[in-house]
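Novice: Below you'll find coords_15.pdb; it's PDB, C-alpha atoms and all ligand atoms.
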```
ATOM      1  CA  MET A   1      29.224   6.029  39.338
ATOM      2  CA  THR A   2      32.093   4.514  37.332
ATOM      3  CA  PHE A   3      32.031   1.963  34.511
ATOM      4  CA  HIS A   4      35.021  -0.009  35.720
ATOM      5  CA  PRO A   5      36.193  -0.283  39.346
ATOM      6  CA  GLU A   6      39.926   0.067  38.566
ATOM      7  CA  MET A   7      39.945   2.498  35.635
ATOM      8  CA  ASP A   8      41.101   6.028  36.479
ATOM      9  CA  TYR A   9      38.644   8.086  34.467
ATOM     10  CA  GLN A  10      40.272  11.313  35.629
ATOM     11  CA  ALA A  11      43.585  10.415  33.983
ATOM     12  CA  GLY A  12      42.454  11.341  30.495
ATOM     13  CA  LEU A  13      42.408   9.015  27.497
ATOM     14  CA  HIS A  14      43.265   5.426  28.205
ATOM     15  CA  VAL A  15      46.725   4.588  26.864
ATOM     16  CA  SER A  16      47.376   1.023  25.811
ATOM     17  CA  ARG A  17      50.652  -0.381  27.159
ATOM     18  CA  ARG A  18      50.192  -4.036  26.333
ATOM     19  CA  GLU A  19      53.094  -6.144  25.108
ATOM     20  CA  LEU A  20      53.844  -6.315  21.414
ATOM     21  CA  ARG A  21      54.603  -9.418  19.377
ATOM     22  CA  LYS A  22      58.156 -10.749  19.176
ATOM     23  CA  ASP A  23      60.884  -8.483  17.839
ATOM     24  CA  ASP A  24      61.753  -9.122  14.185
ATOM     25  CA  GLY A  25      64.612  -6.682  13.734
ATOM     26  CA  PRO A  26      65.106  -2.935  13.549
ATOM     27  CA  PHE A  27      63.479  -0.626  11.036
ATOM     28  CA  ALA A  28      64.168   2.982  10.107
ATOM     29  CA  PHE A  29      62.629   5.217   7.478
ATOM     30  CA  THR A  30      64.881   6.188   4.608
ATOM     31  CA  ALA A  31      65.844   9.867   4.678
ATOM     32  CA  GLU A  32      63.352  10.502   1.878
ATOM     33  CA  ASN A  33      60.484   8.772   3.684
ATOM     34  CA  ARG A  34      61.314  10.535   6.944
ATOM     35  CA  GLU A  35      61.038  13.821   5.094
ATOM     36  CA  ARG A  36      57.713  12.738   3.588
ATOM     37  CA  LEU A  37      56.444  11.845   7.074
ATOM     38  CA  GLU A  38      57.468  15.235   8.428
ATOM     39  CA  ARG A  39      55.614  16.963   5.597
ATOM     40  CA  ILE A  40      52.484  14.905   6.390
ATOM     41  CA  ALA A  41      52.770  15.483  10.147
ATOM     42  CA  ALA A  42      53.052  19.242   9.543
ATOM     43  CA  HIS A  43      49.370  19.206   8.531
ATOM     44  CA  TYR A  44      48.429  18.540  12.166
ATOM     45  CA  PRO A  45      48.944  20.664  15.286
ATOM     46  CA  PRO A  46      52.025  19.398  17.194
ATOM     47  CA  GLU A  47      49.841  17.948  19.974
ATOM     48  CA  HIS A  48      48.001  15.826  17.374
ATOM     49  CA  ARG A  49      51.100  14.559  15.559
ATOM     50  CA  ARG A  50      49.953  10.994  16.199
ATOM     51  CA  SER A  51      47.134  11.582  13.710
ATOM     52  CA  ALA A  52      49.732  10.860  11.015
ATOM     53  CA  VAL A  53      49.756   7.183  12.003
ATOM     54  CA  ILE A  54      47.997   5.815   8.910
ATOM     55  CA  PRO A  55      50.107   7.694   6.327
ATOM     56  CA  ALA A  56      53.202   6.719   8.341
ATOM     57  CA  LEU A  57      52.198   3.052   8.102
ATOM     58  CA  TYR A  58      51.617   3.387   4.365
ATOM     59  CA  LEU A  59      55.166   4.717   4.083
ATOM     60  CA  VAL A  60      56.468   1.722   6.052
ATOM     61  CA  GLN A  61      54.609  -0.693   3.841
ATOM     62  CA  GLU A  62      55.802   1.053   0.710
ATOM     63  CA  GLN A  63      59.375   0.826   1.989
ATOM     64  CA  GLN A  64      59.482  -2.811   3.124
ATOM     65  CA  GLY A  65      56.255  -4.452   1.943
ATOM     66  CA  TYR A  66      54.780  -5.136   5.400
ATOM     67  CA  VAL A  67      54.690  -3.649   8.895
ATOM     68  CA  SER A  68      57.179  -5.349  11.203
ATOM     69  CA  ALA A  69      57.375  -4.996  14.996
ATOM     70  CA  GLY A  70      60.507  -2.897  14.514
ATOM     71  CA  ALA A  71      58.594  -0.586  12.173
ATOM     72  CA  ILE A  72      55.797  -0.230  14.724
ATOM     73  CA  ARG A  73      58.302   0.958  17.334
ATOM     74  CA  HIS A  74      59.912   3.328  14.838
ATOM     75  CA  VAL A  75      56.573   4.851  13.829
ATOM     76  CA  ALA A  76      55.517   5.211  17.479
ATOM     77  CA  ASP A  77      58.735   7.057  18.221
ATOM     78  CA  ALA A  78      58.370   9.238  15.119
ATOM     79  CA  ILE A  79      54.810  10.392  15.845
ATOM     80  CA  GLY A  80      54.853  10.358  19.643
ATOM     81  CA  CYS A  81      52.638   7.528  20.857
ATOM     82  CA  THR A  82      53.084   4.013  22.249
ATOM     83  CA  PRO A  83      53.982   1.028  20.037
ATOM     84  CA  ALA A  84      50.803  -0.698  21.232
ATOM     85  CA  GLU A  85      48.704   2.176  19.906
ATOM     86  CA  VAL A  86      50.349   1.866  16.482
ATOM     87  CA  ASP A  87      49.883  -1.910  16.611
ATOM     88  CA  ASP A  88      46.177  -1.395  17.323
ATOM     89  CA  VAL A  89      45.876   0.504  14.021
ATOM     90  CA  VAL A  90      47.866  -2.122  12.102
ATOM     91  CA  THR A  91      45.666  -4.862  13.519
ATOM     92  CA  TYR A  92      42.408  -3.042  12.796
ATOM     93  CA  TYR A  93      42.913  -2.132   9.138
ATOM     94  CA  ALA A  94      43.030  -4.928   6.558
ATOM     95  CA  MET A  95      45.330  -3.006   4.215
ATOM     96  CA  PHE A  96      48.274  -3.327   6.585
ATOM     97  CA  PHE A  97      50.154  -6.638   6.554
ATOM     98  CA  ARG A  98      51.783  -7.902   9.762
ATOM     99  CA  GLU A  99      53.881 -10.512   7.970
ATOM    100  CA  PRO A 100      55.743 -10.484   4.642
ATOM    101  CA  VAL A 101      53.377 -11.163   1.730
ATOM    102  CA  GLY A 102      53.817 -12.045  -1.915
ATOM    103  CA  LYS A 103      54.255  -9.609  -4.773
ATOM    104  CA  TYR A 104      50.546  -9.929  -5.538
ATOM    105  CA  VAL A 105      48.055 -10.035  -2.677
ATOM    106  CA  ILE A 106      44.894 -11.586  -4.112
ATOM    107  CA  GLN A 107      41.901 -10.635  -1.996
ATOM    108  CA  VAL A 108      38.575 -12.361  -2.603
ATOM    109  CA  CYS A 109      35.473 -10.693  -1.167
ATOM    110  CA  ARG A 110      33.511 -13.123   0.987
ATOM    111  CA  THR A 111      30.627 -10.883   2.080
ATOM    112  CA  LEU A 112      27.003 -11.678   1.260
ATOM    113  CA  SER A 113      26.611 -10.619  -2.396
ATOM    114  CA  CYS A 114      29.895 -12.229  -3.381
ATOM    115  CA  ALA A 115      29.218 -15.299  -1.255
ATOM    116  CA  LEU A 116      25.830 -15.796  -2.923
ATOM    117  CA  ARG A 117      27.448 -15.467  -6.355
ATOM    118  CA  GLY A 118      30.089 -18.128  -5.718
ATOM    119  CA  ALA A 119      33.092 -16.338  -4.181
ATOM    120  CA  GLU A 120      33.889 -19.426  -2.153
ATOM    121  CA  ARG A 121      34.392 -21.446  -5.356
ATOM    122  CA  VAL A 122      36.693 -18.728  -6.731
ATOM    123  CA  THR A 123      38.752 -18.866  -3.523
ATOM    124  CA  ALA A 124      38.871 -22.656  -3.687
ATOM    125  CA  GLU A 125      40.148 -22.571  -7.275
ATOM    126  CA  LEU A 126      42.771 -19.942  -6.436
ATOM    127  CA  SER A 127      43.811 -22.028  -3.468
ATOM    128  CA  ARG A 128      44.059 -25.143  -5.641
ATOM    129  CA  GLN A 129      46.067 -23.514  -8.412
ATOM    130  CA  LEU A 130      48.431 -21.669  -6.069
ATOM    131  CA  GLY A 131      48.806 -24.559  -3.630
ATOM    132  CA  VAL A 132      48.123 -22.346  -0.598
ATOM    133  CA  THR A 133      45.349 -21.976   1.938
ATOM    134  CA  VAL A 134      43.762 -18.592   2.701
ATOM    135  CA  GLY A 135      46.388 -16.404   4.365
ATOM    136  CA  GLY A 136      49.237 -18.321   2.730
ATOM    137  CA  THR A 137      51.907 -17.314   0.235
ATOM    138  CA  ASP A 138      52.960 -19.595  -2.619
ATOM    139  CA  PRO A 139      56.493 -21.057  -2.531
ATOM    140  CA  THR A 140      57.773 -18.573  -5.137
ATOM    141  CA  GLY A 141      56.716 -15.624  -2.962
ATOM    142  CA  THR A 142      54.641 -14.272  -5.837
ATOM    143  CA  PHE A 143      51.053 -14.698  -4.618
ATOM    144  CA  THR A 144      49.351 -14.346  -1.238
ATOM    145  CA  LEU A 145      45.704 -15.412  -1.001
ATOM    146  CA  MET A 146      43.328 -13.600   1.359
ATOM    147  CA  GLU A 147      39.612 -13.257   1.982
ATOM    148  CA  MET A 148      38.201  -9.775   2.565
ATOM    149  CA  GLU A 149      34.954  -8.230   3.720
ATOM    150  CA  CYS A 150      32.853  -6.177   1.279
ATOM    151  CA  LEU A 151      34.990  -4.434  -1.343
ATOM    152  CA  GLY A 152      32.148  -2.081  -2.250
ATOM    153  CA  ALA A 153      31.235  -3.393  -5.709
ATOM    154  CA  CYS A 154      28.459  -5.777  -4.708
ATOM    155  CA  ASP A 155      26.527  -5.375  -7.984
ATOM    156  CA  ARG A 156      29.498  -6.916  -9.818
ATOM    157  CA  ALA A 157      30.005  -9.866  -7.465
ATOM    158  CA  PRO A 158      32.065 -11.899  -6.993
ATOM    159  CA  VAL A 159      34.865  -9.355  -6.754
ATOM    160  CA  VAL A 160      38.605  -9.989  -6.465
ATOM    161  CA  MET A 161      41.133  -7.247  -5.733
ATOM    162  CA  VAL A 162      44.855  -7.632  -6.412
ATOM    163  CA  ASN A 163      47.045  -5.388  -4.243
ATOM    164  CA  ASN A 164      45.243  -2.086  -3.711
ATOM    165  CA  GLU A 165      43.762  -1.213  -7.073
ATOM    166  CA  HIS A 166      43.733  -4.064  -9.584
ATOM    167  CA  TRP A 167      40.041  -5.112  -9.764
ATOM    168  CA  GLN A 168      38.526  -8.268 -11.205
ATOM    169  CA  GLU A 169      34.720  -8.338 -11.236
ATOM    170  CA  CYS A 170      32.081 -10.998 -11.943
ATOM    171  CA  GLN A 171      34.680 -13.707 -11.395
ATOM    172  CA  SER A 172      34.073 -17.424 -11.729
ATOM    173  CA  PRO A 173      36.412 -20.362 -11.045
ATOM    174  CA  ASP A 174      36.986 -20.530 -14.816
ATOM    175  CA  ASP A 175      38.488 -17.019 -14.739
ATOM    176  CA  VAL A 176      41.208 -17.938 -12.236
ATOM    177  CA  THR A 177      43.744 -19.332 -14.710
ATOM    178  CA  ARG A 178      43.472 -16.226 -16.888
ATOM    179  CA  LEU A 179      43.872 -13.949 -13.859
ATOM    180  CA  LEU A 180      47.016 -15.706 -12.606
ATOM    181  CA  ASP A 181      48.544 -16.058 -16.068
ATOM    182  CA  GLY A 182      47.878 -12.383 -16.745
ATOM    183  CA  LEU A 183      49.652 -11.317 -13.560
ATOM    184  CA  ARG A 184      52.607 -13.629 -14.243
ATOM    185  CA  THR A 185      52.902 -12.331 -17.796
ATOM    186  CA  MET A 186      52.669  -8.665 -16.855
ATOM    187  CA  GLY A 187      55.192  -8.971 -14.008
ATOM    188  CA  THR A 188      55.853  -5.649 -12.308
ATOM    189  CA  ALA A 189      53.749  -3.843 -14.912
ATOM    190  CA  ALA A 190      50.691  -5.333 -13.178
ATOM    191  CA  LEU A 191      51.634  -3.977  -9.764
ATOM    192  CA  THR A 192      49.508  -1.418  -7.999
ATOM    193  CA  GLY A 193      49.427  -0.188  -4.442
ATOM    194  CA  CYS A 194      51.902  -0.497  -1.643
ATOM    195  CA  HIS A 195      54.132  -3.072  -3.298
ATOM    196  CA  LEU A 196      54.805  -0.952  -6.329
ATOM    197  CA  ASN A 197      57.993   0.717  -5.098
ATOM    198  CA  VAL A 198      59.282  -2.342  -3.233
ATOM    199  CA  GLU A 199      59.002  -4.646  -6.207
ATOM    200  CA  LYS A 200      60.162  -2.122  -8.800
ATOM    201  CA  SER A 201      63.310  -1.538  -6.746
ATOM    202  CA  ARG A 202      64.071  -5.288  -6.857
ATOM    203  CA  ASP A 203      64.037  -5.391 -10.680
TER     204      ASP A 203
HETATM  205  S1  LIG B 301      29.749  -8.200  -1.055
HETATM  206 FE1  LIG B 301      31.509  -8.419  -2.300
HETATM  207  S2  LIG B 301      31.851  -6.433  -3.006
HETATM  208 FE2  LIG B 301      30.251  -6.197  -1.612
END
```
Take the structure in this file and express it as structure tokens.
Specialist:
Amino acid sequence: MTFHPEMDYQAGLHVSRRELRKDDGPFAFTAENRERLERIAAHYPPEHRRSAVIPALYLVQEQQGYVSAGAIRHVADAIGCTPAEVDDVVTYYAMFFREPVGKYVIQVCRTLSCALRGAERVTAELSRQLGVTVGGTDPTGTFTLMEMECLGACDRAPVVMVNNEHWQECQSPDDVTRLLDGLRTMGTAALTGCHLNVEKSRD
């Protein structure tokens, strides 16, 4: 008995070969990042080199701020898998951005505890003050607004995370002005996470 009439279950793991999104230019790791990738990949047996996909994508994002189609091809080549398999990982994990984002990615939790405590009103106020809808970046390229699933601090809802580590808990719409002003005032000093190196290098 087989589960699918056309799938060759004897051929080993299914390998995705679907088409990728449109090309947006070439990408290559810097010599330093290529070295870092090789050090990471050395932790795995050669036949499992593809297990380095997530750290490789973090390196991409640190280098250019998001994961382009060109970067997906480069990573696939570097770790020995198909671009579609790398794209599957990029698509699955919320911490990887498929398009350029602002210096600060403001992520509002929308899961139950935060929703019950007014996260939607916080998002609406952020949206109003920044002049963007969820998923958008303000015209200055400073802020991107996103909604996220549970950020793991439900007892302090509603929770907002800026980039990867900058937490704001028990937020209300009245806190939004202070949050945005604080980030603007602190500039690159407020940066955490993947954008740290990208933005610091632009100073
Ligand atoms: S529901 Fe928002 S942090 Fe868990």
Novice: Show me, as a list in words, the residues that have an atom within 7 Å of A:Val75 when counting only C-alpha atoms, minus same-chain residues fewer than 4 positions from it.
Specialist: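 Those residues are Ala56, Ala71 and Ile79 of chain A.
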Novice: Residues within 7 Å of ligand LIG 301 (chain B) should be enumerated using only C-alpha atoms and all ligand atoms and returned as a ChimeraX atom specification.
Specialist: /A:109-114,149-154,157-159
Novice: For this file, the PyMOL selection byres (((chain A and resi 118-123) around 9) and not hetatm) selects which residues, as a PyMOL selection string?
Specialist: chain A and resi 107-111+113-117+124-128+134+145-147+157-160+171-176
Novice: Excluding same-chain residues fewer than 2 positions from A:Ala94, what lies within 12 Å of it counting only C-alpha atoms, as number ranges by chain?
Specialist: A: 66-67, 88-92, 96-98, 105, 107, 146-151, 163-164
Novice: For a quick check of understanding, using only C-alpha atoms, which of A:Thr133, A:Ala189, A:Val86, A:Gln64 has the smallest distance to A:Ala52?
Specialist: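 Selected residue with least distance to A:Ala52: A:Val86.
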